[in-house]
$ cat coords.txt   # compact mmCIF, C-alpha atoms and all ligand atoms
# COMPACT_ATOMS: atom_id res chain seq x y z
CA MET T 373 -32.91 -18.87 -0.61
CA GLN T 374 -32.16 -20.43 2.78
CA ARG T 375 -28.39 -20.65 3.36
CA LYS T 376 -27.15 -24.08 4.44
CA LYS T 377 -25.85 -24.01 8.00
CA LYS T 378 -22.07 -24.42 7.97
CA ALA T 379 -19.73 -25.49 10.71
CA ASN T 380 -17.35 -22.61 10.02
CA PRO T 381 -17.97 -19.03 8.91
CA VAL T 382 -17.41 -18.15 5.26
CA LEU T 383 -14.84 -15.37 4.91
CA GLY T 384 -14.79 -12.62 2.31
CA ILE T 385 -11.89 -10.33 1.42
CA LEU T 386 -12.14 -7.02 -0.41
CA GLY T 387 -9.10 -7.09 -2.68
CA GLY T 388 -7.13 -9.91 -4.28
CA GLY T 389 -3.69 -8.36 -4.62
CA GLN T 390 -0.61 -9.96 -3.10
CA LEU T 391 -1.95 -9.48 0.43
CA GLY T 392 -5.24 -11.17 -0.44
CA ARG T 393 -3.29 -13.96 -2.12
CA MET T 394 -1.12 -14.58 0.94
CA LEU T 395 -4.23 -14.49 3.18
CA ALA T 396 -5.80 -17.13 0.91
CA LEU T 397 -2.68 -19.31 1.14
CA ALA T 398 -2.79 -19.11 4.94
CA PHE T 399 -6.53 -19.85 5.07
CA ALA T 400 -6.06 -22.92 2.85
CA LYS T 401 -4.13 -24.57 5.71
CA TRP T 402 -7.41 -24.71 7.66
CA ASN T 403 -9.50 -25.61 4.63
CA GLY T 404 -11.29 -22.27 5.00
CA GLU T 405 -14.02 -21.20 2.59
CA LEU T 406 -13.02 -17.90 1.01
CA LEU T 407 -14.54 -15.41 -1.43
CA VAL T 408 -12.41 -12.60 -2.87
CA LEU T 409 -13.76 -9.49 -4.57
CA ASP T 410 -11.46 -8.12 -7.28
CA GLN T 411 -10.84 -8.07 -11.02
CA PRO T 412 -10.13 -11.30 -12.94
CA GLY T 413 -6.40 -11.82 -13.31
CA CYS T 414 -5.62 -10.48 -9.83
CA PRO T 415 -2.89 -12.30 -7.84
CA ALA T 416 -5.39 -14.14 -5.58
CA GLU T 417 -7.38 -15.63 -8.47
CA GLY T 418 -7.16 -19.40 -8.45
CA VAL T 419 -5.37 -19.50 -5.08
CA ALA T 420 -7.64 -21.42 -2.71
CA CYS T 421 -10.53 -19.02 -3.10
CA ARG T 422 -13.54 -18.22 -5.24
CA LEU T 423 -13.14 -14.94 -7.13
CA LEU T 424 -16.13 -12.64 -7.31
CA PRO T 425 -15.32 -10.29 -10.19
CA GLY T 426 -15.97 -6.72 -9.14
CA ASP T 427 -14.69 -3.48 -7.69
CA PHE T 428 -14.23 -3.01 -3.94
CA ARG T 429 -14.78 0.75 -4.36
CA LYS T 430 -18.32 0.18 -5.71
CA GLU T 431 -21.23 -0.02 -3.29
CA GLU T 432 -23.18 -2.71 -5.15
CA ASP T 433 -20.15 -4.99 -5.48
CA VAL T 434 -19.25 -4.71 -1.78
CA LEU T 435 -22.88 -5.44 -0.85
CA ARG T 436 -22.87 -8.43 -3.23
CA ILE T 437 -19.87 -10.11 -1.60
CA GLY T 438 -20.96 -9.12 1.92
CA ARG T 439 -24.31 -10.88 1.52
CA GLN T 440 -22.57 -14.18 0.71
CA VAL T 441 -20.21 -14.30 3.67
CA ASP T 442 -20.33 -14.34 7.47
CA VAL T 443 -17.15 -12.34 8.10
CA LEU T 444 -15.81 -9.69 5.75
CA THR T 445 -12.30 -8.22 5.83
CA VAL T 446 -10.01 -6.14 3.61
CA GLU T 447 -6.53 -6.17 2.16
CA ILE T 448 -6.75 -2.47 1.24
CA GLU T 449 -8.23 0.63 2.91
CA GLN T 450 -9.70 2.32 -0.18
CA VAL T 451 -13.01 0.45 -0.20
CA HIS T 452 -16.67 1.54 -0.15
CA VAL T 453 -17.10 2.14 3.58
CA GLY T 454 -20.79 3.06 3.28
CA ALA T 455 -21.56 -0.44 1.98
CA LEU T 456 -19.58 -1.96 4.86
CA LYS T 457 -21.61 0.05 7.38
CA ARG T 458 -24.82 -1.22 5.78
CA LEU T 459 -23.57 -4.83 5.89
CA GLU T 460 -22.80 -4.42 9.59
CA THR T 461 -26.43 -3.49 10.24
CA GLU T 462 -27.43 -6.64 8.33
CA GLY T 463 -25.42 -8.79 10.74
CA VAL T 464 -22.23 -9.36 8.75
CA ARG T 465 -19.15 -9.22 10.96
CA VAL T 466 -16.92 -6.61 9.30
CA TYR T 467 -13.33 -6.46 10.61
CA PRO T 468 -11.57 -4.06 10.68
CA GLN T 469 -14.70 -2.12 11.59
CA PRO T 470 -15.91 0.42 8.98
CA ASP T 471 -15.68 3.42 11.32
CA VAL T 472 -12.00 2.63 11.99
CA LEU T 473 -11.34 2.07 8.27
CA GLU T 474 -12.89 5.47 7.56
CA ILE T 475 -10.39 7.19 9.85
CA ILE T 476 -7.36 5.27 8.61
CA ALA T 477 -8.21 5.68 4.91
CA ASP T 478 -7.76 9.44 5.33
CA LYS T 479 -4.29 10.53 6.48
CA GLY T 480 -5.81 13.77 7.78
CA LEU T 481 -8.31 11.99 10.05
CA GLN T 482 -5.49 9.65 11.17
CA LYS T 483 -3.36 12.59 12.25
CA GLN T 484 -6.31 14.20 14.08
CA PHE T 485 -6.91 10.89 15.87
CA TYR T 486 -3.28 10.75 17.11
CA ARG T 487 -3.47 14.34 18.29
CA ALA T 488 -6.83 13.86 20.04
CA LYS T 489 -5.66 10.68 21.81
CA GLY T 490 -2.25 12.07 22.77
CA PHE T 491 -0.04 9.87 20.54
CA PRO T 492 3.19 11.54 19.38
CA THR T 493 3.24 12.42 15.67
CA ALA T 494 4.84 15.14 13.53
CA PRO T 495 2.98 18.50 13.56
CA PHE T 496 0.67 18.98 10.58
CA ARG T 497 -1.71 21.27 8.73
CA PHE T 498 -4.34 20.65 6.06
CA TYR T 499 -4.39 22.28 2.62
CA GLU T 500 -6.89 22.00 -0.23
CA GLY T 501 -4.20 21.52 -2.89
CA ALA T 502 -1.01 22.72 -4.57
CA GLY T 503 -2.17 26.34 -5.04
CA GLU T 504 -2.94 26.83 -1.37
CA ILE T 505 0.41 25.31 -0.37
CA ARG T 506 2.35 27.60 -2.73
CA ALA T 507 0.45 30.61 -1.38
CA ALA T 508 1.33 29.59 2.20
CA VAL T 509 5.02 29.34 1.24
CA ALA T 510 4.89 32.75 -0.49
CA LYS T 511 3.24 34.28 2.60
CA GLY T 512 5.84 32.72 4.89
CA SER T 513 3.32 30.70 6.93
CA LEU T 514 4.80 27.42 5.62
CA ARG T 515 8.54 26.80 5.57
CA ILE T 516 10.57 24.55 3.26
CA PRO T 517 11.54 21.71 3.83
CA PHE T 518 8.21 19.93 4.24
CA VAL T 519 6.37 16.82 3.09
CA GLN T 520 3.03 16.91 1.28
CA LYS T 521 0.82 13.82 1.61
CA ALA T 522 -2.42 13.28 -0.28
CA ARG T 523 -5.11 12.65 2.33
CA ARG T 524 -6.57 9.74 0.41
CA GLY T 525 -5.49 7.08 -2.05
CA GLY T 526 -1.70 7.22 -1.68
CA TYR T 527 0.42 4.13 -1.17
CA ASP T 528 4.03 3.05 -1.63
CA GLY T 529 5.17 6.66 -1.82
CA ARG T 530 2.61 7.59 -4.48
CA GLY T 531 0.82 10.51 -2.93
CA VAL T 532 3.90 11.74 -1.02
CA GLN T 533 5.93 14.75 -2.21
CA LEU T 534 9.05 15.89 -0.42
CA VAL T 535 9.79 19.60 -0.86
CA THR T 536 13.36 20.54 0.04
CA GLN T 537 13.82 23.50 -2.34
CA GLU T 538 11.70 26.07 -4.19
CA ALA T 539 11.90 24.11 -7.47
CA ASP T 540 10.07 21.17 -5.83
CA LEU T 541 6.97 23.36 -5.50
CA GLU T 542 6.33 22.57 -9.19
CA LYS T 543 5.86 18.90 -8.27
CA LEU T 544 3.14 19.46 -5.65
CA LEU T 545 0.09 17.24 -5.96
CA PRO T 546 -3.23 18.91 -6.83
CA LEU T 547 -5.02 17.10 -4.00
CA PRO T 548 -6.37 17.75 -0.49
CA SER T 549 -3.31 17.17 1.63
CA VAL T 550 -1.68 16.91 5.01
CA VAL T 551 1.56 18.87 5.19
CA GLU T 552 4.24 18.06 7.79
CA PRO T 553 7.67 19.56 8.38
CA LYS T 554 10.43 17.28 7.12
CA VAL T 555 11.40 15.17 10.12
CA ASP T 556 15.04 14.36 10.78
CA ILE T 557 14.75 10.55 10.74
CA ALA T 558 17.45 8.36 12.29
CA LEU T 559 15.53 5.14 11.67
CA GLU T 560 12.12 4.01 10.40
CA LEU T 561 10.52 1.23 12.43
CA ALA T 562 7.33 -0.79 12.12
CA VAL T 563 5.40 -2.82 14.66
CA LEU T 564 2.50 -5.10 13.87
CA ALA T 565 -0.25 -5.54 16.46
CA ALA T 566 -3.28 -7.84 16.34
CA ARG T 567 -6.52 -7.78 18.31
CA ASN T 568 -9.54 -10.06 18.20
CA PRO T 569 -13.16 -9.22 19.10
CA SER T 570 -12.66 -10.88 22.49
CA GLY T 571 -10.09 -8.16 23.24
CA GLU T 572 -6.96 -10.33 23.15
CA VAL T 573 -3.93 -8.40 21.82
CA ALA T 574 -0.66 -9.73 20.41
CA VAL T 575 2.29 -7.74 19.12
CA TYR T 576 5.29 -8.65 16.95
CA ASP T 577 8.88 -7.50 17.42
CA PRO T 578 9.72 -4.15 15.82
CA VAL T 579 11.48 -4.23 12.45
CA GLU T 580 13.72 -1.70 10.71
CA MET T 581 12.45 -0.40 7.40
CA HIS T 582 14.84 0.83 4.74
CA PHE T 583 13.39 2.81 1.86
CA ARG T 584 14.40 3.37 -1.74
CA ALA T 585 14.74 7.11 -1.94
CA GLU T 586 13.96 7.37 -5.67
CA ALA T 587 10.71 5.40 -5.44
CA ASN T 588 9.90 6.26 -1.78
CA LEU T 589 8.92 2.64 -1.17
CA LEU T 590 10.17 -0.09 1.09
CA ASP T 591 13.40 -1.62 -0.18
CA TYR T 592 14.19 -4.09 2.59
CA LEU T 593 13.53 -4.69 6.25
CA GLU T 594 15.54 -6.19 9.05
CA ALA T 595 14.26 -8.08 12.05
CA PRO T 596 14.99 -7.70 14.87
CA ALA T 597 15.53 -3.94 14.81
CA ARG T 598 18.71 -2.63 16.46
CA SER T 599 18.30 -2.59 20.19
CA GLY T 600 17.52 0.42 22.33
CA PRO T 601 14.77 1.84 24.52
CA HIS T 602 12.74 2.59 21.36
CA LEU T 603 11.86 -1.09 20.91
CA ALA T 604 9.74 -1.54 24.03
CA LYS T 605 8.30 1.96 23.56
CA ALA T 606 7.20 1.17 20.00
CA GLN T 607 5.55 -2.10 21.04
CA LYS T 608 3.73 -0.39 23.90
CA MET T 609 2.53 2.39 21.61
CA ALA T 610 1.29 -0.08 18.98
CA THR T 611 -0.65 -1.95 21.68
CA GLU T 612 -2.17 1.27 23.03
CA LEU T 613 -3.03 2.41 19.52
CA ILE T 614 -4.89 -0.76 18.46
CA GLU T 615 -6.83 -0.52 21.73
CA ALA T 616 -7.54 3.19 21.21
CA PHE T 617 -8.99 2.39 17.77
CA GLY T 618 -10.83 -0.63 19.25
CA LEU T 619 -9.77 -2.31 16.02
CA CYS T 620 -10.30 -6.03 15.37
CA GLY T 621 -7.75 -7.39 12.92
CA LEU T 622 -4.19 -6.23 12.31
CA LEU T 623 -2.70 -2.79 12.77
CA ALA T 624 0.72 -2.11 11.21
CA VAL T 625 2.21 0.98 12.85
CA GLU T 626 5.03 2.88 11.13
CA PHE T 627 7.30 5.02 13.30
CA PHE T 628 10.05 7.59 12.83
CA LEU T 629 12.85 7.50 15.39
CA THR T 630 14.59 10.88 15.58
CA PRO T 631 18.30 11.34 16.39
CA SER T 632 17.33 12.47 19.93
CA GLY T 633 15.44 9.21 20.52
CA GLU T 634 11.93 10.57 20.07
CA LEU T 635 9.44 8.11 18.59
CA LEU T 636 6.76 9.58 16.29
CA ILE T 637 3.88 7.70 14.67
CA ASN T 638 4.04 8.20 10.91
CA GLU T 639 1.01 6.24 9.76
CA VAL T 640 -0.87 2.98 10.22
CA ALA T 641 -2.47 0.31 8.04
CA PRO T 642 -5.38 -1.86 9.28
CA ARG T 643 -4.34 -5.06 7.48
CA PRO T 644 -1.36 -7.27 6.65
CA HIS T 645 1.60 -5.11 5.72
CA ASN T 646 4.79 -5.23 3.71
CA SER T 647 6.79 -4.65 6.91
CA ALA T 648 5.77 -8.06 8.28
CA HIS T 649 6.25 -10.41 5.32
CA HIS T 650 9.21 -11.99 7.11
CA THR T 651 6.77 -13.40 9.70
CA ILE T 652 5.83 -16.13 7.18
CA GLU T 653 9.14 -17.90 7.79
CA ALA T 654 10.56 -16.17 10.88
CA CYS T 655 7.64 -16.49 13.33
CA PRO T 656 5.46 -19.41 14.46
CA CYS T 657 2.36 -17.48 13.37
CA SER T 658 2.62 -15.42 10.17
CA GLN T 659 0.89 -12.06 9.90
CA PHE T 660 -1.56 -13.63 7.44
CA GLU T 661 -2.60 -16.40 9.81
CA GLN T 662 -2.76 -13.81 12.61
CA HIS T 663 -5.11 -11.65 10.56
CA LEU T 664 -7.40 -14.65 10.03
CA ARG T 665 -7.29 -15.56 13.72
CA ALA T 666 -8.10 -11.96 14.68
CA VAL T 667 -11.06 -11.42 12.35
CA LEU T 668 -12.48 -14.91 13.04
CA ASP T 669 -12.19 -14.34 16.82
CA LEU T 670 -9.83 -17.27 17.34
CA PRO T 671 -7.00 -17.36 19.89
CA LEU T 672 -4.11 -15.23 18.59
CA GLY T 673 -0.93 -16.99 17.48
CA ASP T 674 2.67 -16.94 18.70
CA THR T 675 4.49 -13.78 17.55
CA ARG T 676 8.01 -14.69 18.69
CA LEU T 677 10.85 -14.09 16.26
CA LEU T 678 12.57 -17.47 15.87
CA ALA T 679 15.35 -16.31 13.52
CA ALA T 680 16.79 -13.02 12.37
CA ALA T 681 15.40 -12.06 8.98
CA ARG T 682 16.01 -9.72 6.10
CA MET T 683 13.08 -9.25 3.73
CA GLN T 684 13.81 -7.70 0.37
CA ASN T 685 11.04 -6.52 -1.96
CA ILE T 686 11.36 -7.71 -5.54
CA LEU T 687 10.46 -4.74 -7.72
CA GLY T 688 9.94 -4.68 -11.45
CA PRO T 689 13.29 -3.74 -13.02
CA GLU T 690 13.65 -0.28 -14.54
CA GLY T 691 13.27 -0.15 -18.31
CA TYR T 692 11.41 -3.46 -18.59
CA THR T 693 7.72 -4.26 -19.05
CA GLY T 694 6.65 -7.87 -19.49
CA PRO T 695 6.34 -11.24 -17.76
CA LEU T 696 8.72 -12.45 -15.05
CA SER T 697 10.48 -15.79 -15.23
CA TRP T 698 11.82 -17.96 -12.39
CA ARG T 699 15.07 -18.06 -14.36
CA GLN T 700 15.62 -14.45 -13.27
CA TYR T 701 15.82 -15.67 -9.67
CA GLU T 702 18.05 -18.72 -9.93
CA ASP T 703 20.66 -17.09 -7.70
CA LEU T 704 18.04 -16.77 -4.95
CA LEU T 705 16.76 -20.30 -5.49
CA SER T 706 20.27 -21.62 -4.98
CA ASP T 707 20.72 -19.72 -1.70
CA PRO T 708 19.63 -21.99 1.19
CA ARG T 709 18.76 -18.97 3.37
CA ALA T 710 16.37 -17.51 0.82
CA HIS T 711 12.59 -17.97 0.70
CA LEU T 712 11.19 -16.66 -2.57
CA HIS T 713 7.64 -15.37 -3.07
CA LEU T 714 6.35 -14.26 -6.46
CA TYR T 715 2.90 -12.70 -6.53
CA GLY T 716 1.68 -13.85 -9.94
CA LYS T 717 1.26 -10.38 -11.41
CA ALA T 718 0.76 -10.72 -15.14
CA GLU T 719 3.20 -7.99 -16.06
CA SER T 720 6.34 -6.56 -14.53
CA ARG T 721 6.58 -2.75 -14.65
CA PRO T 722 9.35 -0.52 -13.27
CA PHE T 723 9.19 -0.44 -9.43
CA ARG T 724 6.00 -2.55 -9.30
CA LYS T 725 6.03 -4.95 -6.33
CA MET T 726 6.35 -8.34 -8.02
CA GLY T 727 7.36 -10.45 -5.02
CA HIS T 728 9.70 -10.61 -2.05
CA VAL T 729 12.44 -12.77 -0.68
CA THR T 730 13.11 -13.45 2.99
CA PHE T 731 16.57 -14.48 4.13
CA LEU T 732 16.62 -16.27 7.47
CA LEU T 733 19.83 -15.57 9.35
CA PRO T 734 21.30 -16.76 12.63
CA LYS T 735 20.11 -14.63 15.57
CA THR T 736 23.06 -12.70 17.03
P1 LIG V 801 2.98 5.86 2.07
O1 LIG V 801 1.58 5.82 2.59
O2 LIG V 801 3.02 6.06 0.59
O3 LIG V 801 3.83 4.73 2.57
P2 LIG V 801 4.29 7.59 4.03
O4 LIG V 801 3.51 8.63 4.75
O5 LIG V 801 4.66 6.38 4.83
O6 LIG V 801 3.58 7.22 2.67
O7 LIG V 801 5.64 8.24 3.49
C1 LIG V 801 6.55 7.50 2.71
C2 LIG V 801 7.96 7.80 3.17
O8 LIG V 801 8.26 9.19 3.01
C3 LIG V 801 8.20 7.53 4.65
O9 LIG V 801 8.45 6.17 4.92
C4 LIG V 801 9.41 8.42 4.91
O10 LIG V 801 10.60 7.81 4.43
C5 LIG V 801 9.11 9.64 4.07
N1 LIG V 801 8.40 10.64 4.90
C6 LIG V 801 7.07 10.70 5.16
N2 LIG V 801 6.76 11.72 5.98
C7 LIG V 801 7.93 12.33 6.27
C8 LIG V 801 8.30 13.47 7.08
N3 LIG V 801 7.39 14.21 7.74
N4 LIG V 801 9.61 13.80 7.14
C9 LIG V 801 10.54 13.10 6.45
N5 LIG V 801 10.27 12.04 5.67
C10 LIG V 801 8.98 11.65 5.57
$ encode --input "coords.txt" --output "structure tokens" --more "lines below"
Ligand code: ADP
Amino acid sequence: MQRKKKANPVLGILGGGQLGRMLALAFAKWNGELLVLDQPGCPAEGVACRLLPGDFRKEEDVLRIGRQVDVLTVEIEQVHVGALKRLETEGVRVYPQPDVLEIIADKGLQKQFYRAKGFPTAPFRFYEGAGEIRAAVAKGSLRIPFVQKARRGGYDGRGVQLVTQEADLEKLLPLPSVVEPKVDIALELAVLAARNPSGEVAVYDPVEMHFRAEANLLDYLEAPARSGPHLAKAQKMATELIEAFGLCGLLAVEFFLTPSGELLINEVAPRPHNSAHHTIEACPCSQFEQHLRAVLDLPLGDTRLLAAARMQNILGPEGYTGPLSWRQYEDLLSDPRAHLHLYGKAESRPFRKMGHVTFLLPKT
């Protein structure tokens, strides 16, 4: 069947979680035509897009969406990269590029990339699984405290195991892993960079990330981050990193700042990121619009921070499983500084990301 010639490219997204949903909301402003591959009932369903039911980890489903769009992007790294490579050869513009996705989807390959390109990151070693790690501890070649990270599939702290005492060795994950010494962290920072296929780069102001220790996931962030020489350094490093990857799209870079002022790259994500949700209200161009501009090769938007912001994740309360009601958030709705986002997840579960709220504050 001959495809009708359209004025604008049709965009596809692998994944219709909250990030896909917020991309769809941003694209609706331009009346963009959008297809999303994910399961029915996902947060993006019904939000200014057509849902293609399927699984972004399955080759045939990725090929199916790719053959209906002009530009294909992702809201998650764990997708079928082989299918994306094939689509590229068929002329589909795939951003971020599959070879970059392949590196970033594996924390081990990420770390090797930083080392090879001379970016500062914590030292690391690879292990096949829990048994090998325990043996290394017993032999004395690996010292507690350390952090085990599953090479693939982890997110929001799932896939990360902190070992500070012998008893923690029982909790090791039975997965191929990267192991790093526990870093003394004074502050966790994130910087979002964007790059389009024409080579234009834009970078947002660094933000401070504060984690919930028990769930190991982002609790809240503050923008701007406290001042110091680390701010300009982090922005420069994020710019150099997106160029080193040659990535088209967004790159969220997470850093550790040590008490001595050293800046280490922890990890990156090649897509919109939780650490930049405040950009929806606090910046002229949100991270979601920026992602669209980058993958569609449009001029990049204004990244200036117009107001100070505090973004708080709304997590499913402990001990409760079921639907969420707006009534639970009336205190936020009555706060004039608060901008509430609920992601439309059918069921709240303990610590599940259900939404976020951004408070805009006067810039000091
Ligand atoms: P995820 O991909 O699940 O976000 P991360 O690698 O970012 O996993 O780790 C989650 C959190 O665990 C980090 O934000 C940090 O607080 C802590 N962490 C990770 N690596 C280290 C380390 N080497 N030393 C100390 N804490 C760490």
$ residues_near_ligand --input "coords.txt" --ligand "ligand LIG 801 (chain V)" --cutoff "7 Å" --atoms "only C-alpha atoms and all ligand atoms" --output "tab-separated table (two decimals) with C-alpha atoms, keeping the file's coordinate frame"
chain	number	residue	atom	x	y	z
T	494	ALA	CA	4.84	15.14	13.53
T	518	PHE	CA	8.21	19.93	4.24
T	519	VAL	CA	6.37	16.82	3.09
T	521	LYS	CA	0.82	13.82	1.61
T	526	GLY	CA	-1.70	7.22	-1.68
T	527	TYR	CA	0.42	4.13	-1.17
T	528	ASP	CA	4.03	3.05	-1.63
T	529	GLY	CA	5.17	6.66	-1.82
T	530	ARG	CA	2.61	7.59	-4.48
T	531	GLY	CA	0.82	10.51	-2.93
T	532	VAL	CA	3.90	11.74	-1.02
T	552	GLU	CA	4.24	18.06	7.79
T	553	PRO	CA	7.67	19.56	8.38
T	554	LYS	CA	10.43	17.28	7.12
T	555	VAL	CA	11.40	15.17	10.12
T	556	ASP	CA	15.04	14.36	10.78
T	557	ILE	CA	14.75	10.55	10.74
T	560	GLU	CA	12.12	4.01	10.40
T	583	PHE	CA	13.39	2.81	1.86
T	588	ASN	CA	9.90	6.26	-1.78
T	589	LEU	CA	8.92	2.64	-1.17
T	638	ASN	CA	4.04	8.20	10.91
T	639	GLU	CA	1.01	6.24	9.76
$ axis_aligned_box --input "coords.txt" --around "segment 568-577 of chain T" --padding-each-side "4 Å" --output "JSON"
{"center_x": -2.1, "center_y": -9.2, "center_z": 20.1, "size_x": 30.0, "size_y": 11.4, "size_z": 14.3}
$ atom_distance --input "coords.txt" --atom1 "atom CA of Leu409 of chain T" --atom2 "atom CA of Leu386 of chain T"
5.1 Å
$ residues_around --input "coords.txt" --residues "Val446 of chain T" --least-positions-apart "3" --cutoff "10 Å" --atoms "all atoms listed in the file" --output "list of chain:residue names"
T:Gly384, T:Ile385, T:Leu386, T:Gly387, T:Gly388, T:Leu391, T:Gly392, T:Val408, T:Leu409, T:Phe428, T:Glu449, T:Gln450, T:Val451, T:Val466, T:Tyr467, T:Pro468, T:Leu473, T:Gly621, T:Pro642, T:Arg643, T:Pro644
$ atom_distance --input "coords.txt" --atom1 "atom CA of Val640 of chain T" --atom2 "atom CA of Ile476 of chain T"
7.1 Å
$ residues_around --input "coords.txt" --residues "segment 681-688 of chain T" --least-positions-apart "4" --cutoff "9 Å" --atoms "all atoms listed in the file" --output "JSON, numbers by chain"
{"T": [590, 591, 592, 593, 594, 595, 596, 646, 647, 648, 649, 650, 651, 653, 654, 677, 692, 693, 696, 713, 714, 719, 720, 721, 722, 723, 724, 725, 726, 727, 728, 729, 730, 731, 732, 733, 734, 735]}
$ write_last_selection --input "coords.txt" --atoms "C-alpha atoms" --output "mmCIF file, in the coordinates of the input"
data_model
loop_
_atom_site.group_PDB
_atom_site.id
_atom_site.type_symbol
_atom_site.label_atom_id
_atom_site.label_comp_id
_atom_site.auth_asym_id
_atom_site.auth_seq_id
_atom_site.Cartn_x
_atom_site.Cartn_y
_atom_site.Cartn_z
ATOM 1 C CA LEU T 590 10.170 -0.090 1.090
ATOM 2 C CA ASP T 591 13.400 -1.620 -0.180
ATOM 3 C CA TYR T 592 14.190 -4.090 2.590
ATOM 4 C CA LEU T 593 13.530 -4.690 6.250
ATOM 5 C CA GLU T 594 15.540 -6.190 9.050
ATOM 6 C CA ALA T 595 14.260 -8.080 12.050
ATOM 7 C CA PRO T 596 14.990 -7.700 14.870
ATOM 8 C CA ASN T 646 4.790 -5.230 3.710
ATOM 9 C CA SER T 647 6.790 -4.650 6.910
ATOM 10 C CA ALA T 648 5.770 -8.060 8.280
ATOM 11 C CA HIS T 649 6.250 -10.410 5.320
ATOM 12 C CA HIS T 650 9.210 -11.990 7.110
ATOM 13 C CA THR T 651 6.770 -13.400 9.700
ATOM 14 C CA GLU T 653 9.140 -17.900 7.790
ATOM 15 C CA ALA T 654 10.560 -16.170 10.880
ATOM 16 C CA LEU T 677 10.850 -14.090 16.260
ATOM 17 C CA TYR T 692 11.410 -3.460 -18.590
ATOM 18 C CA THR T 693 7.720 -4.260 -19.050
ATOM 19 C CA LEU T 696 8.720 -12.450 -15.050
ATOM 20 C CA HIS T 713 7.640 -15.370 -3.070
ATOM 21 C CA LEU T 714 6.350 -14.260 -6.460
ATOM 22 C CA GLU T 719 3.200 -7.990 -16.060
ATOM 23 C CA SER T 720 6.340 -6.560 -14.530
ATOM 24 C CA ARG T 721 6.580 -2.750 -14.650
ATOM 25 C CA PRO T 722 9.350 -0.520 -13.270
ATOM 26 C CA PHE T 723 9.190 -0.440 -9.430
ATOM 27 C CA ARG T 724 6.000 -2.550 -9.300
ATOM 28 C CA LYS T 725 6.030 -4.950 -6.330
ATOM 29 C CA MET T 726 6.350 -8.340 -8.020
ATOM 30 C CA GLY T 727 7.360 -10.450 -5.020
ATOM 31 C CA HIS T 728 9.700 -10.610 -2.050
ATOM 32 C CA VAL T 729 12.440 -12.770 -0.680
ATOM 33 C CA THR T 730 13.110 -13.450 2.990
ATOM 34 C CA PHE T 731 16.570 -14.480 4.130
ATOM 35 C CA LEU T 732 16.620 -16.270 7.470
ATOM 36 C CA LEU T 733 19.830 -15.570 9.350
ATOM 37 C CA PRO T 734 21.300 -16.760 12.630
ATOM 38 C CA LYS T 735 20.110 -14.630 15.570
#
$ closest_residue --input "coords.txt" --among "T:Thr461, T:Asn380, T:Gln533, T:Ser549" --to "Arg497 of chain T" --atoms "only C-alpha atoms"
T:Ser549
